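Student: One structure follows; several queries about it will come next.
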Amino acid sequence: MGIFAFGSLVLFLFLFTIHPFLAPTKPVAADILIADNFLVDYCLKNLSDEFRSNNYALILSAGGPLPQGSPLAAENKTSAELSAAILMKFGIHEKAIIAIPPKPVKRDRTFASALAVQSWLAQNNIQSKGINLFSIGPHSRRSWMLFKEAIGEEIPVGIIACENREYDPKRWWKTSSGVRTVLDETIAYIYAKLVFDPERVRVEIATE
């Protein structure tokens, strides 16, 4: 096989396999749902439907500070609080939602959110049969990996990827939004898999 043919094969495989890899849906039997950072409204609507249809007991809303200047920051300081407020508008009872903002960190915000959830579970002695993380598109694989790292092996953690409606996931390379999202998340996943040091974040949070 020539170099050109080999390169074409690699490109073909990347184009058609990377998005399903980065945006998996592999739920486990669970009684807790986690709302990932900065979920858009239609994903939160899907999450509320998932909560009602599968008899979950609790939603844990994760997420750090909203961007400076956000018009929503006056009422909701964090993504966790904003998602909780939106879920209540979708009919989820206030007592079924816990907003868990993480401690502020300069980077690795997803893992900081995951550690905040793990800390809340431990402090409240929650014995869950399983947890499903509800994320969006290609961000899902990396979030899933980081939440599993934070929560540990005692509680099974599954993933549900809400489709990103900004582009066609089967033809993501045909729009700038799709290309930007997939390439950014591919690089972020490789970083998280090969370079990321979870202990550094744990130490940073512990010394805040």
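Ordered as shown in the structure tokens, chains take letters A, B, and onward, while each chain numbers its residues from 1 and ligands are numbered from 1 in the order shown.
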Contacts between range 167-177 of chain A and range 43-154 of chain A, please, where a residue of range 43-154 of chain A counts if it comes within 12 Å (with only C-alpha atoms); show its shortest atom pair and distance in Å to one decimal, rows by chain and ascending number, as a Markdown table.

Tutor:
```
| residue | atom | partner | partner_atom | distance |
| --- | --- | --- | --- | --- |
| A:Ile136 | CA | A:Pro169 | CA | 11.7 |
| A:Gly137 | CA | A:Pro169 | CA | 8.4 |
| A:Pro138 | CA | A:Pro169 | CA | 9.4 |
```

Student: Please identify which residues in chain A DSSP calls strand (DSSP E) from the backbone, and express them as a list in words.

Tutor: Ile32, Leu33, Ile34, Ala35, Leu58, Ile59, Leu60, Ser61, Ala62, Ile97, Ile98, Ala99, Ile100, Ile131, Asn132, Leu133, Phe134, Ser135, Ile136, Val157, Gly158, Ile159, Ile160, Ala161 and Cys162 of chain A

Student: Would you save the residues of that selection, restricted to N, CA and C atoms, as a CSV table (one decimal), in the first residue's frame?

Tutor:
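Now in out.csv:
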```csv
chain,number,residue,atom,x,y,z
A,32,ILE,N,-28.8,7.9,40.0
A,32,ILE,CA,-28.3,9.3,40.0
A,32,ILE,C,-27.9,9.7,38.6
A,33,LEU,N,-28.4,10.9,38.2
A,33,LEU,CA,-27.9,11.5,37.0
A,33,LEU,C,-27.1,12.7,37.3
A,34,ILE,N,-26.0,12.9,36.5
A,34,ILE,CA,-25.2,14.1,36.7
A,34,ILE,C,-25.3,14.9,35.4
A,35,ALA,N,-25.6,16.2,35.6
A,35,ALA,CA,-25.7,17.2,34.5
A,35,ALA,C,-24.2,17.7,34.4
A,58,LEU,N,-32.2,11.2,41.9
A,58,LEU,CA,-31.5,12.5,42.1
A,58,LEU,C,-30.8,13.0,40.9
A,59,ILE,N,-30.7,14.3,40.7
A,59,ILE,CA,-29.9,14.9,39.7
A,59,ILE,C,-28.8,15.8,40.4
A,60,LEU,N,-27.6,15.5,40.1
A,60,LEU,CA,-26.5,16.3,40.6
A,60,LEU,C,-26.0,17.2,39.4
A,61,SER,N,-26.1,18.5,39.6
A,61,SER,CA,-25.8,19.5,38.6
A,61,SER,C,-24.4,20.1,38.9
A,62,ALA,N,-23.5,19.7,37.9
A,62,ALA,CA,-22.1,20.1,38.1
A,62,ALA,C,-21.8,21.4,37.2
A,97,ILE,N,-32.9,18.0,42.8
A,97,ILE,CA,-31.8,18.6,42.1
A,97,ILE,C,-30.8,19.2,43.2
A,98,ILE,N,-29.6,18.8,43.1
A,98,ILE,CA,-28.5,19.4,43.9
A,98,ILE,C,-27.5,20.0,43.0
A,99,ALA,N,-27.3,21.3,43.2
A,99,ALA,CA,-26.3,22.0,42.5
A,99,ALA,C,-24.9,21.9,43.2
A,100,ILE,N,-23.9,21.5,42.6
A,100,ILE,CA,-22.6,21.3,43.2
A,100,ILE,C,-21.5,22.0,42.5
A,131,ILE,N,-24.3,5.6,38.5
A,131,ILE,CA,-24.5,7.0,38.1
A,131,ILE,C,-24.3,7.1,36.6
A,132,ASN,N,-25.2,7.9,36.0
A,132,ASN,CA,-25.1,8.2,34.6
A,132,ASN,C,-24.7,9.7,34.4
A,133,LEU,N,-23.7,10.0,33.7
A,133,LEU,CA,-23.3,11.3,33.4
A,133,LEU,C,-23.9,11.7,32.1
A,134,PHE,N,-24.6,12.9,32.1
A,134,PHE,CA,-25.3,13.4,30.9
A,134,PHE,C,-24.5,14.5,30.3
A,135,SER,N,-23.8,14.3,29.2
A,135,SER,CA,-23.0,15.3,28.6
A,135,SER,C,-23.4,15.7,27.2
A,136,ILE,N,-22.6,16.4,26.4
A,136,ILE,CA,-23.0,16.8,25.1
A,136,ILE,C,-21.9,16.5,24.1
A,157,VAL,N,-20.1,4.1,36.7
A,157,VAL,CA,-20.5,5.4,36.0
A,157,VAL,C,-20.7,5.1,34.5
A,158,GLY,N,-21.9,5.5,34.0
A,158,GLY,CA,-22.2,5.4,32.6
A,158,GLY,C,-22.2,6.8,32.0
A,159,ILE,N,-22.4,6.8,30.7
A,159,ILE,CA,-22.4,8.1,29.9
A,159,ILE,C,-23.6,8.1,29.0
A,160,ILE,N,-24.2,9.3,28.9
A,160,ILE,CA,-25.3,9.5,27.9
A,160,ILE,C,-24.9,10.8,27.2
A,161,ALA,N,-24.6,10.7,25.9
A,161,ALA,CA,-24.2,11.9,25.1
A,161,ALA,C,-25.4,12.5,24.3
A,162,CYS,N,-25.7,13.7,24.7
A,162,CYS,CA,-26.7,14.4,24.0
A,162,CYS,C,-26.1,14.9,22.7
```

Student: Quick one: distance from CA of Phe196 in chain A to CA of Phe21 in chain A in Å, one decimal?

Tutor: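 A separation of 19.5 Å between them.
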
Student: Of the candidates A:Pro198, A:Gly178, A:Gly130, A:Gly91, which shows the shortest atom-to-atom distance to Ala150 in chain A, using only C-alpha atoms?

Tutor: A:Pro198

Student: Mind the document's chain letters and residue numbers, and return as a ChimeraX atom specification the residues of chain A that DSSP labels helix (DSSP H, G or I).

Tutor: /A:3-22,41-53,79-89,94-96,109-123,139-151,169-174,176-194,198-206

Student: Ranking A:His139, A:Arg180, A:His93, A:Arg165 by minimum distance to Ala192 in chain A and counting only C-alpha atoms, which one comes first?

Tutor: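 Closest candidate: A:His139.
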
Student: Determine the nearest neighbour of Ile190 in chain A from the options A:Ile151, A:Leu13, A:Ala84, A:Met145, counting only C-alpha atoms.

Tutor: A:Met145

Student: At what distance in Å, to one decimal, does CA of Pro65 in chain A lie from CA of Glu163 in chain A?

Tutor: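 Pair CA of Glu163 in chain A / CA of Pro65 in chain A returns 23.8 Å.
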
Student: In Å, how far is it from CA of Tyr189 in chain A to CA of Ser143 in chain A?

Tutor: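 Separation of CA of Tyr189 in chain A and CA of Ser143 in chain A: 9.0 Å.
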
Student: Tell me which protein, DNA and RNA residues are within 9 Å of range 124-128 of chain A, counting only C-alpha atoms, leaving out same-chain ones fewer than 6 positions away, and put them as a PyMOL selection string.

Tutor: chain A and resi 30-32+155-156

Student: The selected residues should be written to file as a short mmCIF file (atom, residue, chain, number, x, y, z; two decimals), in the first residue's frame (atoms: N, CA and C atoms).

Tutor:
```cif
data_model
loop_
_atom_site.label_atom_id
_atom_site.label_comp_id
_atom_site.auth_asym_id
_atom_site.auth_seq_id
_atom_site.Cartn_x
_atom_site.Cartn_y
_atom_site.Cartn_z
N ALA A 30 -28.75 2.89 37.05
CA ALA A 30 -28.36 4.00 37.91
C ALA A 30 -29.56 4.62 38.61
N ASP A 31 -29.28 5.28 39.75
CA ASP A 31 -30.30 6.05 40.45
C ASP A 31 -29.94 7.53 40.55
N ILE A 32 -28.78 7.91 40.01
CA ILE A 32 -28.35 9.30 40.02
C ILE A 32 -27.94 9.71 38.61
N ILE A 155 -18.53 2.80 42.51
CA ILE A 155 -19.82 3.14 41.90
C ILE A 155 -19.68 3.10 40.39
N PRO A 156 -20.47 2.27 39.70
CA PRO A 156 -20.41 2.26 38.23
C PRO A 156 -20.85 3.62 37.67
#
```
